[in-house]
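Q: So here's coords.cif, just mmCIF, C-alpha atoms:
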data_target
#
loop_
_atom_site.label_atom_id
_atom_site.label_comp_id
_atom_site.auth_asym_id
_atom_site.auth_seq_id
_atom_site.Cartn_x
_atom_site.Cartn_y
_atom_site.Cartn_z
CA MET A 1 215.81 16.55 231.93
CA ALA A 2 215.79 14.42 228.79
CA THR A 3 215.52 10.92 230.29
CA SER A 4 217.08 9.27 227.24
CA LEU A 5 220.40 10.96 228.03
CA VAL A 6 220.90 9.31 231.43
CA ALA A 7 220.57 5.89 233.05
CA PRO A 8 220.16 5.08 236.77
CA VAL A 9 222.73 3.03 238.69
CA THR A 10 223.43 2.15 242.30
CA VAL A 11 226.96 2.97 243.46
CA ARG A 12 228.90 2.66 246.69
CA LYS A 13 230.29 6.07 247.59
CA PHE A 14 233.38 6.40 249.74
CA SER A 15 234.40 9.32 251.91
CA GLY A 16 237.63 8.44 253.63
CA GLU A 17 237.04 4.98 255.14
CA THR A 18 233.25 5.40 255.29
CA SER A 19 230.99 4.15 252.50
CA ALA A 20 227.30 3.88 251.69
CA GLU A 21 225.15 2.82 248.77
CA SER A 22 223.59 5.66 246.81
CA PRO A 23 221.59 6.14 243.59
CA ASP A 24 223.43 7.82 240.74
CA LEU A 25 223.00 8.64 237.06
CA LEU A 26 225.24 7.77 234.11
CA ALA A 27 225.42 9.20 230.61
CA VAL A 28 223.84 6.72 228.20
CA GLU A 29 226.12 5.26 225.53
CA GLU A 30 224.66 3.20 222.68
CA PRO A 31 225.70 2.49 219.08
CA LEU A 32 224.10 4.29 216.17
CA GLU A 33 224.40 2.79 212.71
CA ILE A 34 223.97 5.27 209.85
CA ARG A 35 222.73 3.68 206.64
CA LEU A 36 222.38 5.32 203.25
CA GLY A 37 219.69 4.67 200.67
CA PHE A 38 221.08 5.80 197.34
CA GLY A 39 221.03 5.32 193.59
CA PRO A 40 218.56 6.00 190.76
CA ALA A 41 214.86 5.62 191.47
CA ASP A 42 214.65 2.29 189.62
CA ASP A 43 217.72 0.79 191.32
CA ARG A 44 217.85 1.88 194.95
CA GLN A 45 220.59 0.40 197.14
CA GLN A 46 221.41 0.46 200.83
CA ARG A 47 224.78 0.64 202.53
CA SER A 48 226.01 1.20 206.08
CA VAL A 49 228.51 4.08 206.29
CA SER A 50 229.19 4.45 210.00
CA VAL A 51 228.63 3.02 213.46
CA THR A 52 229.34 5.50 216.24
CA MET A 53 228.91 5.26 220.00
CA ARG A 54 226.63 8.10 220.98
CA THR A 55 224.15 9.34 223.56
CA PRO A 56 220.62 8.89 222.09
CA GLY A 57 218.83 12.08 221.13
CA HIS A 58 218.94 14.31 218.05
CA ASP A 59 219.99 11.26 216.01
CA GLN A 60 218.78 12.81 212.74
CA GLU A 61 220.98 15.85 213.35
CA LEU A 62 223.92 13.59 214.16
CA ALA A 63 223.47 11.64 210.94
CA MET A 64 223.14 14.76 208.79
CA GLY A 65 226.09 16.48 210.47
CA PHE A 66 228.25 13.41 209.90
CA LEU A 67 227.22 13.06 206.25
CA PHE A 68 227.81 16.76 205.57
CA THR A 69 231.25 16.87 207.18
CA GLU A 70 232.25 13.71 205.29
CA GLY A 71 231.31 15.43 202.01
CA ILE A 72 228.44 13.07 201.16
CA ILE A 73 225.69 15.70 201.19
CA GLN A 74 225.86 19.42 200.43
CA HIS A 75 222.29 20.74 200.70
CA PRO A 76 219.11 19.80 202.60
CA ALA A 77 217.53 18.96 199.22
CA ASP A 78 220.02 16.07 198.94
CA ILE A 79 217.97 14.25 201.60
CA VAL A 80 214.63 12.65 200.80
CA SER A 81 214.09 11.29 204.33
CA CYS A 82 215.97 10.61 207.55
CA ARG A 83 214.36 8.27 210.06
CA HIS A 84 214.99 5.37 212.42
CA CYS A 85 214.55 1.84 211.06
CA VAL A 86 211.60 0.92 213.26
CA GLN A 87 211.16 -2.46 211.59
CA GLU A 88 214.34 -3.68 213.26
CA ALA A 89 212.97 -3.99 216.78
CA ASP A 90 216.10 -5.73 218.05
CA LYS A 91 218.15 -2.61 217.27
CA ASP A 92 215.88 -0.52 219.55
CA GLY A 93 216.15 2.74 217.61
CA ASN A 94 219.88 2.44 217.03
CA VAL A 95 219.75 2.32 213.22
CA ILE A 96 218.95 5.41 211.19
CA ARG A 97 218.48 5.41 207.44
CA VAL A 98 219.07 8.47 205.30
CA GLU A 99 217.50 8.31 201.86
CA LEU A 100 219.44 10.41 199.38
CA HIS A 101 217.98 12.10 196.34
CA PRO A 102 218.49 9.92 193.24
CA ASP A 103 220.75 12.58 191.71
CA VAL A 104 223.25 12.47 194.61
CA ARG A 105 226.38 10.56 193.70
CA VAL A 106 228.45 9.07 196.54
CA ASP A 107 232.22 8.84 196.09
CA TRP A 108 232.71 5.60 198.01
CA ALA A 109 236.40 5.37 197.15
CA ARG A 110 237.14 8.79 198.66
CA LEU A 111 234.99 8.04 201.69
CA GLU A 112 236.89 4.83 202.38
CA ARG A 113 240.28 6.54 201.93
CA ASN A 114 239.58 9.48 204.22
CA THR A 115 238.29 8.61 207.68
CA PHE A 116 238.62 11.41 210.21
CA THR A 117 236.63 9.93 213.12
CA SER A 118 239.53 7.73 214.26
CA SER A 119 242.76 9.01 215.76
CA SER A 120 244.48 5.93 214.31
CA CYS A 121 243.43 6.46 210.71
CA GLY A 122 247.00 6.13 209.48
CA LEU A 123 247.16 9.47 207.67
CA CYS A 124 250.04 11.84 208.27
CA GLY A 125 249.26 15.45 209.21
CA LYS A 126 249.93 16.82 205.74
CA ALA A 127 247.70 14.21 204.09
CA THR A 128 244.93 14.87 206.61
CA ILE A 129 244.91 18.60 205.91
CA GLU A 130 245.13 18.10 202.14
CA ALA A 131 242.16 15.72 202.26
CA VAL A 132 240.05 18.33 204.08
CA GLN A 133 241.21 21.09 201.75
CA ALA A 134 239.85 19.03 198.85
CA LEU A 135 236.38 19.18 200.45
CA ALA A 136 236.46 22.72 201.86
CA PRO A 137 235.51 25.71 199.68
CA GLY A 138 238.71 27.47 200.77
CA PRO A 139 240.01 29.33 203.83
CA VAL A 140 237.45 31.05 206.04
CA THR A 141 237.39 34.77 205.20
CA SER A 142 234.65 35.91 207.60
CA ASP A 143 234.89 39.26 209.42
CA PHE A 144 233.23 37.67 212.47
CA ALA A 145 234.64 39.01 215.75
CA LEU A 146 233.69 39.07 219.40
CA SER A 147 234.95 40.66 222.60
CA VAL A 148 237.25 39.09 225.13
CA ASN A 149 234.53 39.36 227.77
CA ILE A 150 232.05 37.39 225.69
CA LEU A 151 234.58 34.61 225.20
CA HIS A 152 235.27 34.58 228.95
CA SER A 153 231.53 34.21 229.65
CA LEU A 154 230.91 31.19 227.43
CA PRO A 155 232.07 28.30 229.68
CA GLU A 156 229.68 29.12 232.52
CA ARG A 157 226.78 29.98 230.23
CA VAL A 158 227.15 26.76 228.25
CA ARG A 159 227.53 24.73 231.47
CA ASP A 160 224.24 26.20 232.73
CA THR A 161 222.45 24.67 229.71
CA GLN A 162 224.03 21.20 230.07
CA ARG A 163 221.21 19.29 231.71
CA ALA A 164 222.77 15.86 231.31
CA PHE A 165 226.19 17.01 232.53
CA ALA A 166 224.61 18.38 235.68
CA TYR A 167 223.33 14.89 236.50
CA THR A 168 226.22 12.75 235.26
CA GLY A 169 229.40 14.85 234.99
CA GLY A 170 230.32 12.65 232.03
CA ILE A 171 229.02 14.17 228.83
CA HIS A 172 230.32 16.69 226.31
CA ALA A 173 228.62 19.75 224.83
CA ALA A 174 228.92 21.74 221.62
CA ALA A 175 227.31 25.17 221.41
CA LEU A 176 226.67 27.52 218.49
CA PHE A 177 226.77 31.23 219.34
CA ASP A 178 226.71 34.59 217.59
CA ALA A 179 228.91 37.67 217.94
CA THR A 180 226.87 38.91 220.92
CA GLY A 181 227.42 35.62 222.74
CA LYS A 182 223.83 34.46 222.32
CA LEU A 183 223.62 30.66 222.41
CA LEU A 184 221.64 29.48 219.40
CA LEU A 185 222.07 25.70 219.74
CA VAL A 186 223.49 23.45 222.44
CA ARG A 187 223.81 19.68 222.00
CA GLU A 188 225.18 17.06 224.41
CA ASP A 189 226.73 13.68 223.72
CA ILE A 190 229.19 11.28 225.30
CA GLY A 191 231.30 11.74 222.16
CA ARG A 192 232.83 15.15 221.44
CA HIS A 193 232.60 14.74 217.67
CA ASN A 194 228.99 13.54 217.98
CA ALA A 195 227.97 16.65 219.93
CA LEU A 196 229.51 18.80 217.20
CA ASP A 197 227.89 16.76 214.42
CA LYS A 198 224.50 17.33 216.09
CA VAL A 199 225.04 21.10 216.08
CA ILE A 200 226.25 21.14 212.48
CA GLY A 201 223.45 18.79 211.40
CA ALA A 202 220.82 21.08 212.95
CA ALA A 203 222.37 24.12 211.27
CA PHE A 204 222.55 22.21 207.97
CA TRP A 205 218.87 21.26 208.07
CA ASN A 206 217.86 24.82 209.02
CA GLY A 207 219.74 26.21 206.01
CA TRP A 208 222.20 28.20 208.13
CA LEU A 209 225.39 26.97 206.45
CA PRO A 210 227.96 28.31 205.99
CA LEU A 211 228.19 29.48 209.61
CA SER A 212 230.33 32.48 208.69
CA GLN A 213 228.88 34.74 211.41
CA HIS A 214 228.97 32.23 214.24
CA GLY A 215 231.37 30.58 216.62
CA ILE A 216 231.35 27.13 218.20
CA PHE A 217 232.24 26.37 221.80
CA LEU A 218 233.27 22.87 222.93
CA SER A 219 233.38 21.50 226.47
CA GLY A 220 236.49 19.32 225.96
CA ARG A 221 239.77 19.33 224.11
CA ILE A 222 240.16 20.17 220.40
CA GLY A 223 241.23 17.32 218.15
CA VAL A 224 241.88 17.75 214.46
CA GLU A 225 238.55 16.12 213.50
CA LEU A 226 236.67 18.89 215.33
CA VAL A 227 238.54 21.58 213.42
CA GLN A 228 237.85 19.67 210.20
CA LYS A 229 234.11 19.55 210.84
CA SER A 230 233.98 23.23 211.84
CA TRP A 231 235.98 24.28 208.78
CA LEU A 232 233.63 22.47 206.42
CA ALA A 233 230.69 24.20 208.13
CA GLY A 234 232.35 27.59 207.53
CA VAL A 235 232.90 28.39 211.22
CA PRO A 236 235.39 31.26 211.71
CA LEU A 237 236.00 30.76 215.46
CA LEU A 238 236.32 27.54 217.46
CA ALA A 239 236.80 27.74 221.23
CA ALA A 240 237.07 25.05 223.87
CA VAL A 241 237.62 24.48 227.57
CA GLY A 242 240.51 22.11 226.83
CA ALA A 243 243.71 22.05 224.86
CA PRO A 244 244.12 21.74 221.10
CA SER A 245 246.43 19.19 219.49
CA SER A 246 249.33 20.30 217.32
CA LEU A 247 247.55 19.10 214.18
CA ALA A 248 244.35 20.91 215.21
CA VAL A 249 246.32 24.17 215.39
CA GLN A 250 248.00 23.47 212.06
CA MET A 251 244.66 22.83 210.37
CA ALA A 252 243.08 25.94 211.92
CA GLN A 253 245.95 28.04 210.53
CA GLU A 254 245.45 26.55 207.07
CA ALA A 255 241.70 27.17 207.35
CA GLY A 256 242.02 30.79 208.47
CA MET A 257 240.02 29.92 211.61
CA THR A 258 240.50 31.49 215.01
CA LEU A 259 241.28 28.77 217.56
CA ALA A 260 240.96 29.40 221.31
CA GLY A 261 241.90 26.83 223.92
CA PHE A 262 241.85 26.60 227.74
CA VAL A 263 238.83 28.94 227.82
CA ARG A 264 238.10 28.83 231.54
CA ASN A 265 238.62 30.81 234.76
CA ASP A 266 238.82 34.10 232.83
CA ARG A 267 241.78 32.87 230.79
CA PHE A 268 242.33 31.51 227.29
CA ASN A 269 245.02 31.02 224.66
CA LEU A 270 244.67 32.03 221.02
CA TYR A 271 246.52 29.91 218.46
CA SER A 272 245.53 31.46 215.13
CA GLU A 273 243.84 34.47 213.52
CA PHE A 274 243.99 36.58 216.68
CA PHE A 275 242.09 39.53 215.17
CA ARG A 276 238.66 37.95 215.73
CA VAL A 277 238.93 38.31 219.52
CA GLN A 278 238.92 41.98 220.40
CA SER A 279 239.99 43.66 223.63
CA THR A 280 239.73 47.24 224.87
CA GLN A 281 242.96 46.75 226.82
CA ALA A 282 246.42 47.32 225.40
CA VAL A 283 248.15 44.16 224.20
CA THR A 284 251.35 43.42 226.12
CA ALA A 285 254.34 41.51 224.84
#
Represent the supplied structure as structure tokens.
A:
Amino acid sequence: MATSLVAPVTVRKFSGETSAESPDLLAVEEPLEIRLGFGPADDRQQRSVSVTMRTPGHDQELAMGFLFTEGIIQHPADIVSCRHCVQEADKDGNVIRVELHPDVRVDWARLERNTFTSSSCGLCGKATIEAVQALAPGPVTSDFALSVNILHSLPERVRDTQRAFAYTGGIHAAALFDATGKLLLVREDIGRHNALDKVIGAAFWNGWLPLSQHGIFLSGRIGVELVQKSWLAGVPLLAAVGAPSSLAVQMAQEAGMTLAGFVRNDRFNLYSEFFRVQSTQAVTA
């Protein structure tokens, strides 16, 4: 178990009218500030771009995944370094600085206009999708496909890898898998979008993008920001235990992504691009 993911607490547990004190574990939640170092070599500047509440661990992947899905970086070579600001002892590892290559230009105006990490960003659905379309290379055209049985198997197999969830019951997971169902990456975080950013950040740094021959499985519901991030990473299939929002489905349709929701108990719903989930059984009306 990664001790940084959980924190001990004493609780009083009730069963009917009977209670007793008992040790328990909670998912850790702490802020992470992402700072950028940017500009020409003779005039470097620093600016904070995000503060997110996250579960510590894989912070570099989280930062890179966030910066990629916000359109700030495109290639691993855009990053000179990515490390915690150890000189700020009072922040206790909760500030990470990403030094960009001097040639990288940051469109601060666009970044300030388009914020997808908040459900109250004030954009209408059409504007949200158009903003992502401006960043995306186009609809996903991958021939990636997998069997119904593999999709059915993912919830239990991902749950078996969730070490922190097993102890706390209060943490999300994002998993990257291939067409055979092999799990290539699993990341946990108290924030759904953070868990996905960690997976995308790891794939980004490993040079795997675009993820045109992979799917992503999420342990919670599917909000539009999760479809946005997956689309920009080139993911052709996004599946989750929970329900998608109406805007998430609309964006998946625009992206040409297969979206599967309620993937649990040998059931699921498909909302778009049905052809990527293949069955040997006849389809009934």
Q: Please evaluate the PyMOL selection byres ((chain A and resi 11) around 8) against the structure above and give the resulting residues as a list in words.
A: Val9, Thr10, Arg12, Lys13, Glu21, Ser22, Pro23 and Asp24 of chain A
Q: Calculated over only C-alpha atoms, which of the candidates A:Arg192, A:Lys198, A:Phe262, A:Phe275 has the smallest distance to Pro236 of chain A?
A: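 Answer, going by the shortest atom-to-atom distance: A:Phe275.
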Q: Taking all atoms listed in the file into account, which of A:Gln250, A:Thr161, A:Ser245, A:Asn149 comes nearest Arg264 of chain A?
A: A:Asn149
Q: Can you translate the PyMOL selection byres ((chain A and resi 73) around 12) into the concrete residues it hits in this file, as an NGL selection string?
A: :A and (36 or 38 or 63-72 or 74-80 or 98-101 or 103-107 or 135 or 201 or 204-205 or 232)
Q: May I ask for the distance between atom CA of Asp197 of chain A and atom CA of Leu176 of chain A, given in Å to one decimal place?
A: 11.6 Å
Q: Between atom CA of Glu33 of chain A and atom CA of Arg47 of chain A, what is the spacing in Å?
A: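 Distance reported for this atom pair: 10.4 Å.
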Q: For atom CA of Ala260 of chain A and atom CA of Thr180 of chain A, determine how far apart the two atoms are, in Å to one decimal place.
A: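 Rounded to one decimal, the two atoms are 17.0 Å apart.
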Q: Pick the closest to Asn94 of chain A from A:Ala109, A:Val277, A:Leu196, A:Ile34: which is it, counting only C-alpha atoms?
A: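 Result for the nearest residue to Asn94 of chain A: A:Ile34.
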